[in-house]
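Visitor: The structure under discussion is supplied below as structure tokens; questions concerning it will follow.
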Amino acid sequence: MKKTVTLGALTVAALAAGAAGAATLDDVKARGELKCGVSTGLAGFSAPDANNVWQGFDVAYCRALAAAVLGDPMKVAFTQTTGQTRFTALASGEIDVLARNTTWTFSRDVDLKFEFVGVNYYDGQGFIAPKSLGVASAKELDGATVCIQTGTTTELNLADFFRANNISYEPVPIETNAEAQQQYLAGACDVYTTDASGLAATRATFETPADHVILPEIISKEPLGPLVRHGDNEWGDIARWTLNALIAAEEYGVTSANIAELSSAPTNNPEINRLLGTEGELGAMLGLDAEWAKRAIMAGGNYGEIFEKNIGEATPIGLSRGLNAQWTEGGLLYSPPFR
Amino acid sequence: MATISDPPERGFRLSQLIFDTRYRSMTIQVVAMILIGLLLSWLISNTIHNLEALGKDFDFGFLSQPAGYDINQQLIDYNNQMTHGRAALVGILNTLLVAVLGCALATVLGVVAGVLRLSNNWIVSRLTAVYVEGFRNVPLLLWIVLIFALMTESMPTPRDFRGEDGSSMILGESVAITNRGVYIPNVVFSRSLGGNEVAAPEPEAPAAAAATTNMAGTYGASRIATGGAGVQTGQTDSAATTGAAEGSGAEGGEVIPTSSGWDWLLILAVLIAGSIGAKVLGKRATRIQEATGKRPTTLPLQIASVLVPLIVVLVLLGASLDKPELGGFNFDGGVHLRNSLIALWLALSLYTGAFIAEIVRGGILAISKGQTEAAYALGLRPGTTMNLVILPQALRVIIPPLISQFLNLTKNSSLAIAVGYMDVRSTLGGITINQTGRELEGMLLLGLFYLVLSLLISGVMNVYNSSVKLKER
Amino acid sequence: MSDTHAQTVAYVRDTMLDQQDPPLNQTGAVKWIRENLFSGWLNILLTLLSLWVIYAALSHLLPWALRGIWDASNLSQCREIIAELYGPDKPAACWAVLAERWPQLIFGFYPKELYWRPILAFLIFLAAVAPVLFSSVPRKMLWVSALAPFVLFWLIWGGSLWGPIAAILGFVIGWAILTFAAPKIGNLISVILAIVVPVIYWLTLCGPLAGALASVVPLSLQTVPTQNMGGFMLATIIGVSGIVLSLPLGILLALGRQSDMFIINKFSVAFIEIIRGVPLIVWLFTASLLLNYFLPPGTNFDLMLRVIIMVTLFSAAYIAEVVRGGLAALPKGQYEAADALGLDYWKSMRLIILPQALKISIPGIVNTFIGLFKDTTLVVFIGLLDPIGLSNSIRATTDWNGVYWELFVFIGLCFFIFCFSMGRYSLFLEKKLRREHR
């Protein structure tokens, strides 16, 4: 009997052998693969193509991070997470970083114990309505039926908005974006509400996009960004500065086209030199090599290139930069200096 | 092996614990007990450590915090300022509602399909077979999604009811079938036991009118899908209070008919009393028949004993039909049976019905053919034979597997998430867990709820089962 | 007799009439139709109703399906082609999405050049279950069944062949102890040893041994991570491993529930009832959200493995009930005969009771498997890519956003074919067993 107990303990020890230590960076390097949590599918942000390759705006960030850490943008294992499983997946160490258009909120940061490494898309919750409905403002929606995606902050925002305006509504909670879109198109709800970027992406795929208007009200702030676990600051720094590198690269005009040239020798701009590793020791401070940022940028281009390629005006999604322009161009993107 | 046949020696040796059959089972049980205990304590200590590591505690306090989200279908009063616990309760009631409705419809469908599959009519029996096999062999989740989509795609939107050439309501302009659900009239009372509010008189124009529309809006939004059983309307109270507050000073206005749980309780009580009266009348008739050989006509009396008190009560309460009317975006008034409820209900019933059909068919086939022939020999028609001879006997074979199908249906109602029906898994196990991050506590409560429900259903049905069992002597 | 009558009656036929065809409405199709379809007003009504239902369903479905476009690279192109061919507002399916994405629906993100592996694995799986399902297959094939789990694991996940081989070695050690050591050291000790030694072997020697062998003779396939598995392949893996792994546990639980020992009995009952009383989706959420709480801090293994563990526990409870039915169906004489032969509990179970009980439980096990296979669609709620989950992902790409029925029709059809044939098999088996029992 005692033997069995010892055996049980042995099994336990064996199970514990696979434990994820505190140092995510070491784990990732040892594994040779970055585990990245993405959404189960949102046009432009993350979706697999016919060749089984993941594409999208959130996906591009993961690829840049993998390139910075592992040197190969394709060494990413994408884990699909739903609105409900995403935080547990991150907390339990199933994924190293979550890039799943997740809103940075106080309670998620503090109470759920995550660390948002920045904002890769400034969004806000909006409404889309058929033109034929004749609605010009969300405040005219008294008594309307509203489709929402369940398990997100949008539910709470919606409740707050209608309560603040003292008007009533009928919520129709839907599990996925694709499902909600179908309900909305069939007229099962008068308006559909989600992040404005999602609305634009959704509208772009309608048969007749012109028949639908996005209402002017943006009822919430939705800073979307990648996040990591609390407590591993080194890994958090890497994730944060990879994002900043992409943003800064656009600001300094470093693109995937000219990066080879710019990084071959030190340029006149010391900031670019430090970013690309031709000057200073920034990579070593992160625990990476000098060319980490160069690889991250080469993976999919700088922030602007990633934006244009996946969700920009040239794509079917057709989002304009808006708030997500560089601060120099009136937007909110502002990378702290690389020094 | 050889040890078994050895004569037991005097005195107790330790090895007897293993080799003596008299003690061995004791040993095994003690070992098993210790192992199970170790396993449990291992799991619990792990959980405690993990919770500590994550900086979480084990606390059900979140249930008393405000929920912050809205639920469209509420059988009890709820708004987003109420607690997570209240939201969970709303979800529980929704689960129960769809489970009860589903079990009822599934039984009907199953019995009909099971009987029809044995029909002599070739085309009917084939069609039923297609239904049964189709539903049994495709995942329920797919059916729920497909039926939901079919309903939203094929029904007209409320907008289509506008204008002359659009869709129109059926049954005397009282029922509207839309792709948001079915709107049916509601019975409301102008002298409700729950108390009526008085609307502002018309002349006091804009502000009061706004209040009224606002109220009507809230009323419509919080309107409840009651499945025939009268359940009290949701936010009527709060809506009415708003109306009263804003329309204060406007006395002598029109009384707004409303309905409360008390009204329905009263009606239910009257109905029960009436049917007891009818039964008493029937018994009296039987007594007279046994004594004199002549049975007095009691049917009109019986009907009257049920209907007259009901009508009296309805008149006293000032009952009227609240027909749904096309409002701003949706139909206002009446009862709104939401699409999510209908789709889930239909899918669950059709799916479980297919299984019940097979059970019913098996049950009927299990009755020996002699029974049918005997009934035919007595001159009973096929329909009567089925009703009076076959089904009552088949019932004994049918009921035990039927119970487990009811259980399955109840558990399967947790797929409500696929159509956005706010059952307990979507409220407590979904949004609440997601907003508060209390997975452990939430899942524990959720599991307990389903477990208790399952045990209750199987308990009740087992009692029923033993009451219809053949009494063997 | 006829002679006497011949005088009294004016006319008597003395030859037989030729055989005549029965009246037209009493034969062939007409009679069949009359009797089967129009034998009474209720039947007529039902027939007409059925015909209408069939017409309504087909008139909507067939044109849509048959007009379908098979060759387009995205939805808007497909819609353009439809508008061109049939004019606007004509319903037509865009089967092109299937033409482009069917490998994903079947294999998930499994590397395209490695598709032969799951296909081969499936064939091996069929060969392995054949001796269990069909008694006409030679018994020797059971060896294939015993080896198949390891080969399948290796084929699907890849990696070094030595891993599975080293794992098999553990079973061989256990078996060797049971066979060769038992006569010398006694039954009980050998049983305990047969359990303990392989476990120690797996925990200590197994890994290094496999590593050493691999370094000498590297025999390995390209590793495919679990995240890349999806579609029907994922559903099959979860369903099959759930059933296979749950069999031993289910049998133990069934025996436990029949046992006279109070604690064992109550524990089995509690386990079975708790598992069966809570919906699978709650268990899946437990696997996804909570399992990490119950295991030692830092333990982490992938979601699919956690799901398989949960599904195994779940189906074990159902299998236990099926096996219990099989045990109860055996005549009491079998138990008594086993006792009369002087067999102890395990021997009587192993040699007499279980072989018979399991044989009559096979239809029930197959039905449990069908149910489990259908239920694998629920993993979509925890973010695994089952066929429905993949259909969501496909609809999220900009190319195919808005496609709906085509994907679901395809998925439904696949499930139907699979489950229907399994169901037919289980019916066939039930009939056969009933015959054998008579």
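Note on naming: chains are A, B, ... as they come in the structure tokens, residues start from 1 per chain, ligands start from 1 in the order shown.
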Can you write out as a Markdown table which residues of chain B fall within 6 Å of chain A, alongside each residue's closest atom pair and its distance in Å to one decimal, counting only C-alpha atoms and ordering rows by chain and ascending residue number?
Guide:
```
| residue | atom | partner | partner_atom | distance |
| --- | --- | --- | --- | --- |
| B:Gly68 | CA | A:Leu156 | CA | 5.9 |
| B:Tyr69 | CA | A:Leu156 | CA | 5.4 |
| B:Asn72 | CA | A:Pro171 | CA | 5.7 |
| B:Thr152 | CA | A:Ala186 | CA | 6.0 |
| B:Glu153 | CA | A:Ala186 | CA | 5.5 |
| B:Thr157 | CA | A:Gly187 | CA | 5.8 |
| B:Asn179 | CA | A:Ala188 | CA | 5.5 |
| B:Arg180 | CA | A:Ala188 | CA | 5.1 |
| B:Gly217 | CA | A:Gly143 | CA | 5.2 |
| B:Thr218 | CA | A:Ser168 | CA | 5.3 |
| B:Ala221 | CA | A:Glu170 | CA | 5.2 |
| B:Phe329 | CA | A:Ala144 | CA | 5.2 |
| B:Gly420 | CA | A:Pro173 | CA | 4.8 |
| B:Ile431 | CA | A:Gly151 | CA | 5.5 |
| B:Asn434 | CA | A:Gln84 | CA | 6.0 |
```
Visitor: Give me, as a PyMOL selection string, the residues of chain C touching chain A, with the criterion being at most 9 Å (counting only C-alpha atoms).
Guide: chain C and resi 75-76+79+100-101+103-104+108-112+196+199-200+203+225+227-228+285+288-290+292-293+295-303+380-385+389-390+392-402+404
Visitor: Taking only C-alpha atoms into account and nothing else, which residues of chain B lie no more than 6 Å away from chain C? Please answer as a VMD selection string.
Guide: chain B and resid 43 46 to 47 50 120 to 122 137 to 139 411 447 450 to 451 454
Visitor: Name the residues of segment 241-401 of chain C that fall into helix (DSSP H, G or I) according to DSSP on the backbone, using the chain letters and numbers of this document, as a ChimeraX atom specification.
Guide: /C:241-258,262-277,280-294,303-329,332-340,345-382,387-396
Visitor: Which one is closest to Ala148 of chain C: C:Leu255, C:Met229, C:Ile82, C:Ile124? Count only C-alpha atoms.
Guide: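 Looking only at the distances to Ala148 of chain C, the closest residue turns out to be C:Ile124.
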Visitor: Which residues are close to segment 343-345 of chain B, i.e. within 7 Å by only C-alpha atoms, leaving aside same-chain residues fewer than 5 positions away? Reply as a PyMOL selection string.
Guide: chain B and resi 98+101-102+144+147-148+416
Visitor: Let me see the file: selected residues, N, CA and C atoms, as a compact mmCIF listing (two decimals), in the first residue's frame.
Guide:
```txt
# COMPACT_ATOMS: atom_id res chain seq x y z
N VAL B 98 -37.07 26.06 -20.79
CA VAL B 98 -36.85 25.39 -22.07
C VAL B 98 -36.82 23.87 -21.87
N LEU B 101 -40.60 22.79 -21.54
CA LEU B 101 -41.24 22.89 -22.85
C LEU B 101 -40.70 21.80 -23.77
N GLY B 102 -39.39 21.63 -23.75
CA GLY B 102 -38.75 20.66 -24.63
C GLY B 102 -39.22 19.25 -24.34
N ILE B 144 -29.25 22.85 -33.86
CA ILE B 144 -29.65 24.09 -33.21
C ILE B 144 -29.27 25.28 -34.08
N ILE B 147 -31.44 25.34 -37.37
CA ILE B 147 -32.84 25.74 -37.18
C ILE B 147 -32.91 27.23 -36.85
N PHE B 148 -31.99 27.69 -36.05
CA PHE B 148 -31.93 29.11 -35.72
C PHE B 148 -31.75 29.93 -36.99
N ALA B 416 -27.60 26.12 -25.24
CA ALA B 416 -28.29 27.38 -25.53
C ALA B 416 -27.35 28.46 -25.99
```
Visitor: Atom CA of Pro138 of chain C and atom CA of Ser348 of chain C are how many Å apart?
Guide: 25.3 Å
Visitor: Determine the nearest neighbour of Ala394 of chain B from the options B:Val90, B:Ile44, B:Leu127, B:Val115, counting only C-alpha atoms.
Guide: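 Between B:Val90, B:Ile44, B:Leu127, B:Val115, the residue approaching Ala394 of chain B most closely is B:Val115.
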Visitor: Just want the 9 Å neighbourhood of Leu96 of chain B, counted on only C-alpha atoms, with same-chain residues fewer than 4 positions away dropped. Output as a list in words.
Guide: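 Result of the neighbour search: Gly91, Ile92, Val100, Leu101, Thr410 and Asp423 of chain B.
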Visitor: Save the residues we just selected, N, CA and C atoms, as a JSON list (two decimals), in the first residue's frame?
Guide:
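Final output, saved to selection-v4.json:
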```
[["chain", "number", "residue", "atom", "x", "y", "z"],
["B", 91, "GLY", "N", -31.20, 32.88, -15.18],
["B", 91, "GLY", "CA", -30.72, 31.83, -16.08],
["B", 91, "GLY", "C", -31.28, 30.47, -15.72],
["B", 92, "ILE", "N", -31.32, 30.18, -14.42],
["B", 92, "ILE", "CA", -31.84, 28.89, -13.98],
["B", 92, "ILE", "C", -33.29, 28.73, -14.43],
["B", 100, "VAL", "N", -38.61, 22.13, -19.63],
["B", 100, "VAL", "CA", -39.99, 21.65, -19.48],
["B", 100, "VAL", "C", -40.71, 21.65, -20.83],
["B", 101, "LEU", "N", -40.60, 22.79, -21.54],
["B", 101, "LEU", "CA", -41.24, 22.89, -22.85],
["B", 101, "LEU", "C", -40.70, 21.80, -23.77],
["B", 410, "THR", "N", -32.53, 17.86, -20.84],
["B", 410, "THR", "CA", -32.23, 18.91, -19.86],
["B", 410, "THR", "C", -30.76, 19.29, -19.91],
["B", 423, "ASP", "N", -29.53, 30.92, -20.81],
["B", 423, "ASP", "CA", -29.80, 29.92, -19.78],
["B", 423, "ASP", "C", -28.74, 30.04, -18.69]]
```
Visitor: Write out as a short mmCIF file (atom, residue, chain, number, x, y, z; two decimals) with C-alpha atoms, in the first residue's frame the residues lying within 12 Å of Val468 of chain B, counting only C-alpha atoms and excluding same-chain residues fewer than 2 positions away.
Guide:
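Printed below is result.cif as written:
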```cif
data_model
loop_
_atom_site.label_atom_id
_atom_site.label_comp_id
_atom_site.auth_asym_id
_atom_site.auth_seq_id
_atom_site.Cartn_x
_atom_site.Cartn_y
_atom_site.Cartn_z
CA PRO B 392 -50.78 1.55 -22.14
CA GLN B 393 -48.84 -1.71 -22.20
CA ALA B 394 -45.97 -0.32 -24.20
CA LEU B 395 -45.69 2.51 -21.69
CA ARG B 396 -44.05 0.20 -19.17
CA VAL B 397 -41.27 -0.60 -21.62
CA ILE B 398 -41.03 2.97 -22.78
CA ILE B 399 -40.80 4.90 -19.54
CA PRO B 400 -37.34 3.99 -18.20
CA MET B 461 -39.62 9.78 -12.80
CA ASN B 462 -38.54 6.68 -10.89
CA VAL B 463 -41.41 7.19 -8.47
CA TYR B 464 -43.77 7.45 -11.42
CA ASN B 465 -42.17 4.44 -13.04
CA SER B 466 -42.72 2.28 -10.00
CA LEU B 470 -46.93 -4.24 -13.41
CA LYS B 471 -48.05 -5.16 -9.93
CA GLU B 472 -46.74 -8.66 -9.66
#
```
